[in-house]
Number of protein chains: 2
Amino acid sequence: MIQGQWTGDFESNNAWYKAEALKNKGQDLDLLILPELFHTPYFPFEENADFFHWAIEKDHPLVLEWREIAKELHCVIVFPFFEKRAKGIYHNSAYVFERDGSIAGLYRKSHIPDDPAFYEKYYFIPGDTGFEPIQTSAGNLGILICWDQWFPEAARIMSLKGAEILIYPTAIGWAKNEPESIYERQKDSWMTVMRGHAIANRLFVIAVNRIGTEGDLTFWGHSFVAAPDGYLLKDLPSNLLGSEKIQISFDEIEENRRWWPHFRDRRIDLYSDILKIWDTP
Amino acid sequence: MIQGQWTGDFESNNAWYKAEALKNKGQDLDLLILPELFHTPYFPFEENADFFHWAIEKDHPLVLEWREIAKELHCVIVFPFFEKRAKGIYHNSAYVFERDGSIAGLYRKSHIPDDPAFYEKYYFIPGDTGFEPIQTSAGNLGILICWDQWFPEAARIMSLKGAEILIYPTAIGWAKNEPESIYERQKDSWMTVMRGHAIANRLFVIAVNRIGTEGDLTFWGHSFVAAPDGYLLKDLPSNLLGSEKIQISFDEIEENRRWWPHFRDRRIDLYSDILKIWDTP
């Protein structure tokens with residue numbers, strides 16, 4: 001997990017992330033995860049047509065550069081980016097690169113927030129990739145992005161399709177107009193709802209957030225790894241600028257599901273109302 | 001919330017719960033919640049055909065007695081019981097009684113566990129009531145029972161149908177053959193997954209568990225109330241035998257949903273695979 005902070009310009013920011021990644025050269029790293037929109041400031045703090053210039057196409061040099069890094073580290077990389085899919089067609093996306101530098105898959109953020117200081121509906125078309133895990137040599141990865149983390153349906157469907165880890169590149173923080181008294185509760189809600197996905201589905205959950213202050217937003221860090229019983233294996237402080245490595249074993253998924261056989265007992269005959277927006281008269 | 005302990009026989013057990021309830025006479029209590037199968041030992045610790053004698057029909061004196069208590073306290077009561085629906089047809093159920101002693105509704109446990117020391121599939125037919133909140137003068141109550149608590153679908157559907165509180169009467173504990181080292185992690189998983197339902201749906205969650213040791217099982221108590229952001233408003237110790245009262249305001253639901261508008265952004269067009277048992281080739 002690389003927990004970074006926007007440096008102020010594209011070049012120095014990318015250089016920092018790249019240097020942080022390359023520290024792992026020759027270290028047999030399997031999986032490297034970058035935060036949401038790592039190559040830009042958190043530009044959705046306002047609606048500004050100029051900010052579409054941050055979007056990159058699939059053959060942008062940055063993509064090629066990080067595919068080379070995957071090859072150099074011999075490591076799978078989760079590469080979130082502001083995707084220009086076509087003229088006027090933009091998504092909040094993540095590529096997964098294989099160890100040989102090839103593209104293993106693409107996920108487009110499905111749930112798009114829009115709140116004061118997080119004006120994402122202006123920039124990003126809700127994704128059309130659905131919830132398909134991306135099979136890699138480092139595991140079957142259920143890539144989801146930030147706001148997706150509040151939706152148990154996304155976590156469940158990724159699990160039903162065989163994901164071993166849910167991975168949430170994220171950019172979440174406190175807005176200046178919020179009282180400090182609720183800071184801890186908000187951060188705890190964020191962590192708890194995702195730990196809940198780990199438990200309900202008995203798989204690993206990893207969230208990677210940015211840190212630092214940009215305008216009125218202070219990103220809260222706390223990138224973390226949760227075990228299949230929701231136990232916090234790692235929780236980075238909100239002031240840690242850098243990376244953290246952790247070893248996990250997928251055997252824990254099977255072990256957890258034998259003792260807590262939730263998938264055995266689902267009542268799919270009773271779930272169809274979940275496809276409604278709301279369900280009162 | 002009444003957190004009780006099986007006394008050893010039906011009469012003294014019921015007398016204890018009744019006395020505990022009646023302490024609230026004249027106190028303007030709105031809602032009283034009993035634990036799962038409060039009127040019996042946790043008999044599913046083994047498969048024994050004799051134990052079906054614990055089941056009660058809808059006109060059993062115990063039902064009538066607790067409807068009278070609802071009237072006497074002028075209070076809504078969640079009354080979990082081992083239901084004999086017909087000859088050989090049994091459910092793990094809960095009635096909700098209105099303040100006037102009438103029956104507001106019935107819920108039948110939908111997800112039935114079966115694990116060493118929890119042989120519930122032998123006794124209980126999976127419920128056919130679906131996830132319909134029960135409208136009462138104390139709120140719109142999403143009654144679910146114990147093992148239901150691990151299933152985000154049940155929580156979500158209750159919420160979509162207008163529930164203001166999810167209420168989980170429970171009988172969960174540690175089995176003697178499990179290492180003590182995992183006790184805390186198991187209890188924390190249990191609490192976290194339900195706090196996750198509160199957060200994802202921005203409503204209140206209440207779980208009421210029993211305590212004490214019965215055979216190889218030690219019930220862990222920790223009856224709790226979580227706010228719509230998952231914050232633990234109350235968490236009873238595992239040795240507390242008795243009741244706890246708490247005041248909550250449903251205004252917090254609206255307030256939470258304005259700031260965290262998850263329901264606005266659900267992608268029901270992408271959720272249909274949730275109706276599958278599993279979804280890999």
# chains A, B, ... in the order shown; residues from 1 in each chain; ligands from 1

$ closest_atom_pairs --of "chain B" --to "chain A" --cutoff "8 Å" --atoms "only C-alpha atoms" --output "CSV"
residue,atom,partner,partner_atom,distance
B:Ser110,CA,A:Arg267,CA,7.2
B:His111,CA,A:Asp265,CA,5.9
B:Ile112,CA,A:Asp265,CA,6.8
B:Pro113,CA,A:Asp265,CA,7.2
B:Asp115,CA,A:Trp259,CA,7.9
B:Gly130,CA,A:Leu270,CA,6.0
B:Phe131,CA,A:Leu270,CA,7.8
B:Trp150,CA,A:Ala200,CA,5.7
B:Phe151,CA,A:Ala200,CA,6.5
B:Pro152,CA,A:Pro152,CA,6.5
B:Glu153,CA,A:Tyr271,CA,6.6
B:Ala154,CA,A:Tyr271,CA,7.5
B:Arg156,CA,A:Ile274,CA,7.0
B:Ile157,CA,A:Ile274,CA,5.7
B:Leu160,CA,A:Trp278,CA,4.8
B:Lys161,CA,A:Asp279,CA,4.7
B:Gly162,CA,A:Thr280,CA,6.4
B:Arg185,CA,A:Tyr231,CA,6.8
B:Gln186,CA,A:Asp229,CA,7.5
B:Ser189,CA,A:Asp229,CA,5.9
B:Thr192,CA,A:Gly196,CA,5.8
B:Val193,CA,A:Gly196,CA,4.3
B:Met194,CA,A:Gly196,CA,7.5
B:Arg195,CA,A:Thr192,CA,7.1
B:Gly196,CA,A:Val193,CA,4.3
B:His197,CA,A:Val193,CA,7.5
B:Ile199,CA,A:Val193,CA,6.3
B:Ala200,CA,A:Trp150,CA,5.7
B:Asp229,CA,A:Ser189,CA,5.9
B:Gly230,CA,A:Ser189,CA,6.0
B:Tyr231,CA,A:Arg185,CA,6.8
B:Trp259,CA,A:Asp115,CA,7.9
B:His262,CA,A:Trp150,CA,7.0
B:Phe263,CA,A:Ile277,CA,7.4
B:Asp265,CA,A:His111,CA,5.9
B:Arg266,CA,A:His111,CA,6.7
B:Arg267,CA,A:His111,CA,6.8
B:Ile268,CA,A:Leu275,CA,5.2
B:Asp269,CA,A:Leu275,CA,7.7
B:Leu270,CA,A:Gly130,CA,6.0
B:Tyr271,CA,A:Leu275,CA,6.5
B:Ser272,CA,A:Leu275,CA,6.8
B:Asp273,CA,A:Ile157,CA,6.4
B:Ile274,CA,A:Ile157,CA,5.7
B:Leu275,CA,A:Ile268,CA,5.2
B:Lys276,CA,A:Ile268,CA,6.6
B:Ile277,CA,A:Ile268,CA,6.9
B:Trp278,CA,A:Leu160,CA,4.8
B:Asp279,CA,A:Lys161,CA,4.7
B:Thr280,CA,A:Lys161,CA,5.2

$ write_last_selection --atoms "N, CA and C atoms" --output "CSV table (one decimal), in the first residue's frame"
chain,number,residue,atom,x,y,z
B,110,SER,N,-35.1,-16.2,8.9
B,110,SER,CA,-35.0,-16.7,7.5
B,110,SER,C,-33.7,-17.5,7.3
B,111,HIS,N,-32.6,-17.1,7.9
B,111,HIS,CA,-31.4,-17.8,7.8
B,111,HIS,C,-31.1,-18.7,9.0
B,112,ILE,N,-31.1,-20.0,8.7
B,112,ILE,CA,-31.0,-20.9,9.8
B,112,ILE,C,-29.6,-21.5,9.8
B,113,PRO,N,-28.9,-21.4,11.0
B,113,PRO,CA,-27.5,-21.9,11.1
B,113,PRO,C,-27.5,-23.4,11.3
B,115,ASP,N,-24.2,-25.6,12.9
B,115,ASP,CA,-22.8,-25.8,13.2
B,115,ASP,C,-22.7,-26.6,14.5
B,130,GLY,N,-40.4,-13.3,4.8
B,130,GLY,CA,-39.6,-12.3,4.1
B,130,GLY,C,-39.1,-11.2,5.1
B,131,PHE,N,-38.7,-10.1,4.5
B,131,PHE,CA,-38.2,-9.0,5.3
B,131,PHE,C,-39.1,-7.8,5.3
B,150,TRP,N,-25.7,-11.9,9.9
B,150,TRP,CA,-24.5,-11.9,9.0
B,150,TRP,C,-24.8,-11.7,7.6
B,151,PHE,N,-26.1,-11.4,7.3
B,151,PHE,CA,-26.5,-11.3,5.9
B,151,PHE,C,-27.0,-9.8,5.5
B,152,PRO,N,-26.1,-9.1,4.8
B,152,PRO,CA,-26.4,-7.7,4.5
B,152,PRO,C,-27.7,-7.6,3.7
B,153,GLU,N,-28.0,-8.6,2.9
B,153,GLU,CA,-29.2,-8.5,2.1
B,153,GLU,C,-30.5,-8.3,2.9
B,154,ALA,N,-30.6,-9.0,4.1
B,154,ALA,CA,-31.7,-8.9,4.9
B,154,ALA,C,-31.8,-7.5,5.5
B,156,ARG,N,-30.5,-4.8,4.2
B,156,ARG,CA,-30.8,-3.8,3.2
B,156,ARG,C,-32.3,-3.8,2.8
B,157,ILE,N,-32.9,-5.0,2.7
B,157,ILE,CA,-34.3,-5.1,2.2
B,157,ILE,C,-35.2,-4.5,3.3
B,160,LEU,N,-35.0,-0.8,2.8
B,160,LEU,CA,-35.7,-0.3,1.6
B,160,LEU,C,-37.2,-0.3,1.9
B,161,LYS,N,-37.6,-1.2,2.8
B,161,LYS,CA,-39.1,-1.2,3.1
B,161,LYS,C,-39.4,-0.3,4.3
B,162,GLY,N,-38.5,0.5,4.7
B,162,GLY,CA,-38.8,1.6,5.6
B,162,GLY,C,-38.5,1.3,7.1
B,185,ARG,N,-12.1,-11.8,19.1
B,185,ARG,CA,-12.2,-11.6,17.6
B,185,ARG,C,-13.6,-12.0,17.1
B,186,GLN,N,-14.1,-13.1,17.6
B,186,GLN,CA,-15.4,-13.6,17.2
B,186,GLN,C,-16.5,-12.6,17.6
B,189,SER,N,-16.3,-9.5,15.5
B,189,SER,CA,-16.9,-9.8,14.1
B,189,SER,C,-18.4,-9.6,14.1
B,192,THR,N,-19.3,-6.0,14.6
B,192,THR,CA,-18.9,-5.1,13.5
B,192,THR,C,-19.8,-5.3,12.3
B,193,VAL,N,-20.2,-6.6,12.0
B,193,VAL,CA,-21.0,-6.8,10.8
B,193,VAL,C,-22.3,-6.1,11.0
B,194,MET,N,-22.9,-6.1,12.2
B,194,MET,CA,-24.2,-5.4,12.4
B,194,MET,C,-24.0,-3.9,12.4
B,195,ARG,N,-22.9,-3.4,13.0
B,195,ARG,CA,-22.6,-2.0,12.9
B,195,ARG,C,-22.5,-1.6,11.5
B,196,GLY,N,-21.9,-2.5,10.7
B,196,GLY,CA,-21.9,-2.2,9.2
B,196,GLY,C,-23.2,-2.1,8.6
B,197,HIS,N,-24.2,-2.9,9.0
B,197,HIS,CA,-25.6,-2.7,8.5
B,197,HIS,C,-26.2,-1.3,8.9
B,199,ILE,N,-24.5,1.4,9.3
B,199,ILE,CA,-23.8,2.4,8.5
B,199,ILE,C,-24.3,2.4,7.1
B,200,ALA,N,-24.4,1.2,6.5
B,200,ALA,CA,-24.7,1.1,5.0
B,200,ALA,C,-26.2,1.5,4.8
B,229,ASP,N,-24.6,5.9,12.3
B,229,ASP,CA,-23.3,5.9,11.8
B,229,ASP,C,-22.4,4.8,12.4
B,230,GLY,N,-23.1,3.8,13.0
B,230,GLY,CA,-22.4,2.6,13.6
B,230,GLY,C,-21.8,2.8,14.9
B,231,TYR,N,-21.9,4.1,15.4
B,231,TYR,CA,-21.3,4.4,16.8
B,231,TYR,C,-22.1,3.6,17.8
B,259,TRP,N,-26.4,13.6,4.9
B,259,TRP,CA,-25.0,13.7,4.8
B,259,TRP,C,-24.3,12.6,4.1
B,262,HIS,N,-26.3,7.3,0.6
B,262,HIS,CA,-26.0,6.0,-0.1
B,262,HIS,C,-27.2,5.6,-0.9
B,263,PHE,N,-28.4,5.8,-0.4
B,263,PHE,CA,-29.6,5.3,-1.2
B,263,PHE,C,-29.8,6.1,-2.5
B,265,ASP,N,-27.4,6.7,-4.6
B,265,ASP,CA,-26.4,6.3,-5.5
B,265,ASP,C,-26.3,4.8,-5.8
B,266,ARG,N,-27.3,4.0,-5.3
B,266,ARG,CA,-27.3,2.5,-5.5
B,266,ARG,C,-27.4,2.3,-7.0
B,267,ARG,N,-26.7,1.2,-7.5
B,267,ARG,CA,-26.7,0.9,-8.9
B,267,ARG,C,-27.5,-0.4,-9.1
B,268,ILE,N,-28.8,-0.2,-9.0
B,268,ILE,CA,-29.7,-1.4,-9.0
B,268,ILE,C,-29.6,-2.1,-10.4
B,269,ASP,N,-29.1,-1.4,-11.4
B,269,ASP,CA,-28.9,-2.0,-12.7
B,269,ASP,C,-27.8,-3.0,-12.7
B,270,LEU,N,-26.9,-2.9,-11.7
B,270,LEU,CA,-25.7,-3.8,-11.6
B,270,LEU,C,-25.9,-4.9,-10.6
B,271,TYR,N,-27.0,-5.0,-9.9
B,271,TYR,CA,-27.1,-5.9,-8.7
B,271,TYR,C,-27.7,-7.3,-8.9
B,272,SER,N,-28.1,-7.6,-10.1
B,272,SER,CA,-29.0,-8.8,-10.3
B,272,SER,C,-28.2,-10.1,-9.9
B,273,ASP,N,-26.9,-10.1,-10.1
B,273,ASP,CA,-26.1,-11.3,-9.7
B,273,ASP,C,-26.2,-11.7,-8.3
B,274,ILE,N,-26.7,-10.7,-7.4
B,274,ILE,CA,-26.8,-11.0,-6.0
B,274,ILE,C,-27.8,-12.1,-5.8
B,275,LEU,N,-28.7,-12.4,-6.8
B,275,LEU,CA,-29.7,-13.4,-6.6
B,275,LEU,C,-29.2,-14.8,-6.9
B,276,LYS,N,-27.9,-14.9,-7.2
B,276,LYS,CA,-27.3,-16.3,-7.4
B,276,LYS,C,-26.7,-16.8,-6.2
B,277,ILE,N,-26.6,-18.1,-6.1
B,277,ILE,CA,-26.0,-18.8,-5.0
B,277,ILE,C,-24.5,-18.5,-5.0
B,278,TRP,N,-23.9,-18.6,-6.1
B,278,TRP,CA,-22.5,-18.4,-6.3
B,278,TRP,C,-22.4,-18.1,-7.8
B,279,ASP,N,-21.3,-17.5,-8.3
B,279,ASP,CA,-21.3,-17.0,-9.6
B,279,ASP,C,-19.9,-17.1,-10.3
B,280,THR,N,-19.3,-18.3,-10.2
B,280,THR,CA,-18.1,-18.6,-11.0
B,280,THR,C,-18.5,-19.8,-11.9

$ residues_around --residues "Ile211 (chain A)" --least-positions-apart "5" --cutoff "8 Å" --atoms "only C-alpha atoms" --output "VMD selection string"
chain A and resid 3 to 5 218 to 221 238 to 241

$ select_by_dssp --residues "region 30-141 of chain B" --states "strand (DSSP E or B)" --output "ChimeraX atom specification"
/B:31-33,56,76-86,89-97,103-108,115,118,134-136,139-141
